[in-house]
Amino acid sequence: MKHIVLFASGSGTNVENIVRYFEGHQTISVSCVFTNKRDAYVLDRCNALGIPAFFFNGHAFKDKSLLLQFLSCLQPDLIVLAGFLRKIPAEMVATFPEKIINIHPALLPKYGGKGMYGKHVHKAVKADKDTESGITVHYVNDRYDEGAIIKQVRVGISSSDSADDIGRKVQQLEHLHFPQIIEAVLSEN
Ligand code: GAR
């Protein structure tokens, strides 16, 4: 069995979707979820899903942290950032080379970097009058949104789409594709 650990900071629709996708899966299981937000709705979702979840504060997240030791004990085959909004410390990247992946709600390298998350991304796409957006799943390195791209999926945008409409289209792509991308990454490891 391969084990994945999820990190999330917010609502956790992707976490819920991933947990449901791998329920009863023959070779992959979700061990637990970590969040850096004590009031994140993802914690309620984990309660309802019956999945262990842990909140950690900023002190636990620094280089050479207890969180890192805890993660090392868990020996995850893959760490999946599913709406996690903090930069991963260099020490953690070095401890889990090519074992941390992130989903970004745009077609990187456009609309990446610090401050580019969630609705901010969709507003920027709308402001630039782009005719497409999408999702990018990539390996995590020690720079925001710059690790090697694993897969991108595109969706068309019409001029009448609001930033919220773009967000909904992108979220649909995330829910449709992210679990299969995780599965594919694990089958290659
Ligand atoms: C997702 O759209 C994800 O791509 C994005 O946060 C959202 C979390 O939604 N991640 C980033 O912006 C990372 N830079 P969720 O909590 O409903 O899964």
# chains A, B, ... in the order shown; residues from 1 in each chain; ligands from 1
$ residues_near_ligand --ligand "ligand 1" --cutoff "9 Å" --atoms "only C-alpha atoms and all ligand atoms" --output "number ranges by chain"
A: 8-17, 40-42, 81-86, 102-106, 112-121, 135-137, 144-145, 167, 170-171, 174-175
$ residues_around --residues "Lys62 in chain A" --least-positions-apart "3" --cutoff "12 Å" --atoms "only C-alpha atoms" --output "PyMOL selection string"
chain A and resi 56-59+65-69+86-92
$ residues_around --residues "range 31-36 of chain A" --least-positions-apart "3" --cutoff "7 Å" --atoms "only C-alpha atoms" --output "number ranges by chain"
A: 3-9, 51-57
$ write_last_selection --atoms "all heavy atoms" --output "compact mmCIF listing (two decimals), in the first residue's frame"
# COMPACT_ATOMS: atom_id res chain seq x y z
N HIS A 3 1.09 5.38 0.77
CA HIS A 3 0.39 6.30 1.67
C HIS A 3 0.62 7.74 1.26
O HIS A 3 1.76 8.14 0.99
CB HIS A 3 0.89 6.10 3.11
CG HIS A 3 0.65 4.71 3.61
ND1 HIS A 3 -0.58 4.29 4.06
CD2 HIS A 3 1.47 3.65 3.70
CE1 HIS A 3 -0.49 3.02 4.42
NE2 HIS A 3 0.73 2.61 4.20
N ILE A 4 -0.46 8.51 1.25
CA ILE A 4 -0.29 9.93 0.97
C ILE A 4 -0.73 10.75 2.18
O ILE A 4 -1.61 10.35 2.96
CB ILE A 4 -1.02 10.39 -0.31
CG1 ILE A 4 -2.53 10.17 -0.24
CG2 ILE A 4 -0.49 9.70 -1.52
CD1 ILE A 4 -3.24 10.61 -1.51
N VAL A 5 -0.08 11.90 2.33
CA VAL A 5 -0.40 12.86 3.38
C VAL A 5 -0.82 14.14 2.67
O VAL A 5 -0.19 14.54 1.69
CB VAL A 5 0.85 13.09 4.27
CG1 VAL A 5 0.70 14.33 5.11
CG2 VAL A 5 1.11 11.88 5.14
N LEU A 6 -1.90 14.75 3.15
CA LEU A 6 -2.42 15.96 2.51
C LEU A 6 -2.16 17.18 3.39
O LEU A 6 -2.27 17.09 4.62
CB LEU A 6 -3.93 15.83 2.26
CG LEU A 6 -4.40 14.60 1.48
CD1 LEU A 6 -5.93 14.61 1.37
CD2 LEU A 6 -3.80 14.57 0.09
N PHE A 7 -1.87 18.30 2.76
CA PHE A 7 -1.75 19.59 3.45
C PHE A 7 -2.79 20.54 2.86
O PHE A 7 -2.94 20.60 1.63
CB PHE A 7 -0.36 20.21 3.22
CG PHE A 7 0.70 19.73 4.17
CD1 PHE A 7 1.03 18.40 4.28
CD2 PHE A 7 1.39 20.65 4.96
CE1 PHE A 7 2.01 17.98 5.15
CE2 PHE A 7 2.37 20.24 5.83
CZ PHE A 7 2.69 18.91 5.94
N ALA A 8 -3.50 21.28 3.72
CA ALA A 8 -4.51 22.22 3.22
C ALA A 8 -4.62 23.39 4.20
O ALA A 8 -4.30 23.25 5.39
CB ALA A 8 -5.86 21.52 3.09
N SER A 9 -5.10 24.52 3.68
CA SER A 9 -5.23 25.72 4.52
C SER A 9 -6.64 26.25 4.61
O SER A 9 -6.90 27.18 5.39
CB SER A 9 -4.35 26.85 3.97
OG SER A 9 -3.01 26.49 3.93
N ILE A 51 -11.30 11.05 8.92
CA ILE A 51 -9.88 10.99 8.57
C ILE A 51 -9.08 11.81 9.60
O ILE A 51 -9.49 12.91 9.96
CB ILE A 51 -9.66 11.50 7.12
CG1 ILE A 51 -8.22 11.29 6.65
CG2 ILE A 51 -9.99 12.95 6.94
CD1 ILE A 51 -8.13 10.28 5.57
N PRO A 52 -7.96 11.27 10.10
CA PRO A 52 -7.19 12.02 11.10
C PRO A 52 -6.67 13.34 10.53
O PRO A 52 -6.20 13.38 9.39
CB PRO A 52 -6.01 11.09 11.44
CG PRO A 52 -6.40 9.76 10.93
CD PRO A 52 -7.35 9.97 9.79
N ALA A 53 -6.75 14.39 11.34
CA ALA A 53 -6.27 15.70 10.89
C ALA A 53 -5.52 16.38 12.02
O ALA A 53 -5.87 16.22 13.19
CB ALA A 53 -7.45 16.57 10.44
N PHE A 54 -4.51 17.15 11.66
CA PHE A 54 -3.66 17.81 12.65
C PHE A 54 -3.48 19.27 12.29
O PHE A 54 -3.17 19.60 11.13
CB PHE A 54 -2.26 17.16 12.68
CG PHE A 54 -2.28 15.70 13.03
CD1 PHE A 54 -2.37 14.74 12.03
CD2 PHE A 54 -2.22 15.29 14.35
CE1 PHE A 54 -2.40 13.40 12.34
CE2 PHE A 54 -2.24 13.94 14.67
CZ PHE A 54 -2.33 12.99 13.66
N PHE A 55 -3.64 20.13 13.28
CA PHE A 55 -3.29 21.54 13.14
C PHE A 55 -1.87 21.73 13.64
O PHE A 55 -1.48 21.13 14.65
CB PHE A 55 -4.26 22.41 13.95
CG PHE A 55 -3.71 23.77 14.25
CD1 PHE A 55 -3.66 24.75 13.27
CD2 PHE A 55 -3.23 24.07 15.51
CE1 PHE A 55 -3.13 26.01 13.54
CE2 PHE A 55 -2.70 25.33 15.80
CZ PHE A 55 -2.65 26.29 14.80
N PHE A 56 -1.07 22.53 12.92
CA PHE A 56 0.26 22.87 13.44
C PHE A 56 0.44 24.39 13.39
O PHE A 56 -0.09 25.04 12.49
CB PHE A 56 1.37 22.17 12.65
CG PHE A 56 1.41 22.51 11.19
CD1 PHE A 56 2.11 23.61 10.72
CD2 PHE A 56 0.71 21.73 10.27
CE1 PHE A 56 2.14 23.93 9.37
CE2 PHE A 56 0.72 22.04 8.91
CZ PHE A 56 1.44 23.14 8.46
N ASN A 57 1.17 24.94 14.35
CA ASN A 57 1.42 26.38 14.33
C ASN A 57 2.74 26.69 13.63
O ASN A 57 3.45 25.77 13.18
CB ASN A 57 1.34 26.97 15.74
CG ASN A 57 2.45 26.47 16.63
OD1 ASN A 57 3.42 25.90 16.15
ND2 ASN A 57 2.30 26.69 17.93
$ closest_residue --among "A:Ala94, A:Ile181, A:Gln26, A:Lys129" --to "Ser160 in chain A" --atoms "only C-alpha atoms"
A:Lys129
$ select_by_dssp --residues "range 91-131 of chain A" --states "alpha helix (DSSP H)" --output "number ranges by chain"
A: 91-95, 118-127
$ select_by_dssp --residues "chain A" --states "strand (DSSP E or B)" --output "JSON, numbers by chain"
{"A": [2, 3, 4, 5, 6, 7, 8, 28, 29, 30, 31, 32, 33, 34, 35, 53, 54, 55, 78, 79, 80, 81, 100, 101, 102, 103, 104, 132, 133, 134, 135, 136, 137, 138, 139, 149, 150, 151, 152, 153, 154, 155, 156]}
$ closest_residue --among "A:Ser187, A:Thr95, A:Ala60, A:Arg38" --to "Cys73 in chain A" --atoms "only C-alpha atoms"
A:Thr95
$ atom_distance --atom1 "CA of Gly24 in chain A" --atom2 "CA of Leu49 in chain A"
13.2 Å
$ decode --residues "range 34-177 of chain A" --atoms "C-alpha atoms" --output "short mmCIF file (atom, residue, chain, number, x, y, z; two decimals), in the first residue's frame"
data_model
loop_
_atom_site.label_atom_id
_atom_site.label_comp_id
_atom_site.auth_asym_id
_atom_site.auth_seq_id
_atom_site.Cartn_x
_atom_site.Cartn_y
_atom_site.Cartn_z
CA PHE A 34 -2.29 18.64 8.12
CA THR A 35 -3.44 22.25 8.29
CA ASN A 36 -1.78 25.49 9.37
CA LYS A 37 -5.18 27.14 10.09
CA ARG A 38 -6.90 26.21 13.32
CA ASP A 39 -10.32 27.34 11.99
CA ALA A 40 -9.96 25.90 8.48
CA TYR A 41 -13.16 24.23 7.29
CA VAL A 42 -11.02 21.31 6.08
CA LEU A 43 -10.91 20.18 9.75
CA ASP A 44 -14.73 19.84 9.80
CA ARG A 45 -14.59 17.92 6.55
CA CYS A 46 -11.99 15.53 8.02
CA ASN A 47 -14.21 14.96 11.07
CA ALA A 48 -17.14 14.09 8.80
CA LEU A 49 -14.93 11.90 6.60
CA GLY A 50 -13.41 10.08 9.58
CA ILE A 51 -9.88 10.99 8.57
CA PRO A 52 -7.19 12.02 11.10
CA ALA A 53 -6.27 15.70 10.89
CA PHE A 54 -3.66 17.81 12.65
CA PHE A 55 -3.29 21.54 13.14
CA PHE A 56 0.26 22.87 13.44
CA ASN A 57 1.42 26.38 14.33
CA GLY A 58 4.25 28.40 12.80
CA HIS A 59 6.81 27.14 15.33
CA ALA A 60 6.13 23.55 14.32
CA PHE A 61 6.69 24.38 10.66
CA LYS A 62 10.21 25.87 10.72
CA ASP A 63 13.25 24.14 9.27
CA LYS A 64 14.33 21.04 11.24
CA SER A 65 10.96 21.18 12.98
CA LEU A 66 9.05 18.61 14.98
CA LEU A 67 6.56 18.52 12.13
CA LEU A 68 9.35 17.39 9.83
CA GLN A 69 10.32 14.65 12.29
CA PHE A 70 6.68 13.60 12.57
CA LEU A 71 6.34 13.50 8.79
CA SER A 72 9.52 11.45 8.48
CA CYS A 73 8.05 8.90 10.91
CA LEU A 74 4.94 8.63 8.75
CA GLN A 75 7.12 7.77 5.73
CA PRO A 76 4.66 9.09 3.16
CA ASP A 77 5.08 8.02 -0.45
CA LEU A 78 3.70 11.40 -1.48
CA ILE A 79 2.89 14.70 0.25
CA VAL A 80 0.09 16.49 -1.58
CA LEU A 81 -0.52 20.21 -1.15
CA ALA A 82 -4.25 20.54 -1.82
CA GLY A 83 -4.92 24.23 -1.25
CA PHE A 84 -1.99 24.78 1.11
CA LEU A 85 -0.96 28.43 1.14
CA ARG A 86 2.36 28.50 3.01
CA LYS A 87 5.79 28.14 1.41
CA ILE A 88 7.32 24.75 2.17
CA PRO A 89 10.59 25.12 4.14
CA ALA A 90 13.76 24.19 2.23
CA GLU A 91 14.58 21.49 4.79
CA MET A 92 11.27 19.75 4.10
CA VAL A 93 11.81 19.90 0.33
CA ALA A 94 15.29 18.41 0.83
CA THR A 95 13.94 15.64 3.07
CA PHE A 96 11.28 14.61 0.55
CA PRO A 97 12.85 15.13 -2.89
CA GLU A 98 10.27 14.72 -5.69
CA LYS A 99 7.77 13.60 -3.07
CA ILE A 100 5.87 16.86 -2.57
CA ILE A 101 3.40 18.01 -5.20
CA ASN A 102 1.14 21.06 -5.36
CA ILE A 103 -1.92 22.07 -7.32
CA HIS A 104 -2.09 25.65 -8.59
CA PRO A 105 -5.33 27.13 -9.99
CA ALA A 106 -3.79 28.60 -13.17
CA LEU A 107 -1.49 27.76 -16.04
CA LEU A 108 1.97 28.30 -14.54
CA PRO A 109 4.32 30.06 -15.03
CA LYS A 110 1.58 32.69 -15.42
CA TYR A 111 -0.12 33.83 -12.21
CA GLY A 112 2.29 32.10 -9.82
CA GLY A 113 4.33 33.33 -6.87
CA LYS A 114 3.67 34.84 -3.45
CA GLY A 115 0.15 36.18 -2.98
CA MET A 116 -1.15 34.34 -6.04
CA TYR A 117 -3.69 31.93 -4.63
CA GLY A 118 -7.40 31.22 -4.84
CA LYS A 119 -9.52 34.15 -5.96
CA HIS A 120 -6.52 36.47 -6.49
CA VAL A 121 -5.45 34.24 -9.36
CA HIS A 122 -8.87 34.25 -11.04
CA LYS A 123 -9.19 38.04 -10.69
CA ALA A 124 -5.80 38.48 -12.38
CA VAL A 125 -6.79 36.14 -15.22
CA LYS A 126 -10.02 38.12 -15.69
CA ALA A 127 -8.18 41.48 -15.59
CA ASP A 128 -5.78 40.27 -18.31
CA LYS A 129 -8.75 39.17 -20.49
CA ASP A 130 -7.19 35.73 -20.96
CA THR A 131 -9.16 33.32 -23.13
CA GLU A 132 -8.09 30.25 -21.15
CA SER A 133 -7.07 29.21 -17.68
CA GLY A 134 -6.59 25.84 -16.03
CA ILE A 135 -4.73 23.88 -13.43
CA THR A 136 -1.08 23.04 -12.94
CA VAL A 137 0.17 20.16 -10.82
CA HIS A 138 3.89 20.46 -10.14
CA TYR A 139 6.67 19.23 -7.88
CA VAL A 140 7.46 21.57 -5.02
CA ASN A 141 10.87 23.16 -4.70
CA ASP A 142 11.97 25.94 -2.36
CA ARG A 143 10.54 28.68 -4.62
CA TYR A 144 6.81 29.44 -4.88
CA ASP A 145 5.15 27.66 -7.83
CA GLU A 146 8.43 27.04 -9.70
CA GLY A 147 8.96 23.28 -9.43
CA ALA A 148 8.88 20.98 -12.47
CA ILE A 149 5.43 20.74 -14.03
CA ILE A 150 3.80 17.31 -13.93
CA LYS A 151 0.56 18.11 -15.75
CA GLN A 152 -1.56 21.03 -16.91
CA VAL A 153 -5.21 20.94 -17.95
CA ARG A 154 -6.82 23.88 -19.76
CA VAL A 155 -10.31 25.35 -19.87
CA GLY A 156 -11.71 28.07 -22.14
CA ILE A 157 -12.90 31.38 -20.73
CA SER A 158 -15.45 33.62 -22.38
CA SER A 159 -15.47 37.40 -22.03
CA SER A 160 -18.73 37.17 -20.04
CA ASP A 161 -17.15 34.91 -17.38
CA SER A 162 -16.62 36.68 -14.04
CA ALA A 163 -13.66 35.86 -11.77
CA ASP A 164 -16.07 33.65 -9.79
CA ASP A 165 -17.10 31.84 -12.97
CA ILE A 166 -13.44 31.23 -13.81
CA GLY A 167 -12.93 29.94 -10.26
CA ARG A 168 -15.81 27.50 -10.66
CA LYS A 169 -14.45 26.21 -13.99
CA VAL A 170 -10.99 25.74 -12.52
CA GLN A 171 -12.38 24.00 -9.42
CA GLN A 172 -14.27 21.56 -11.66
CA LEU A 173 -10.99 20.72 -13.40
CA GLU A 174 -9.27 20.24 -10.05
CA HIS A 175 -11.92 17.83 -8.81
CA LEU A 176 -12.00 15.94 -12.09
CA HIS A 177 -8.25 15.55 -12.60
#
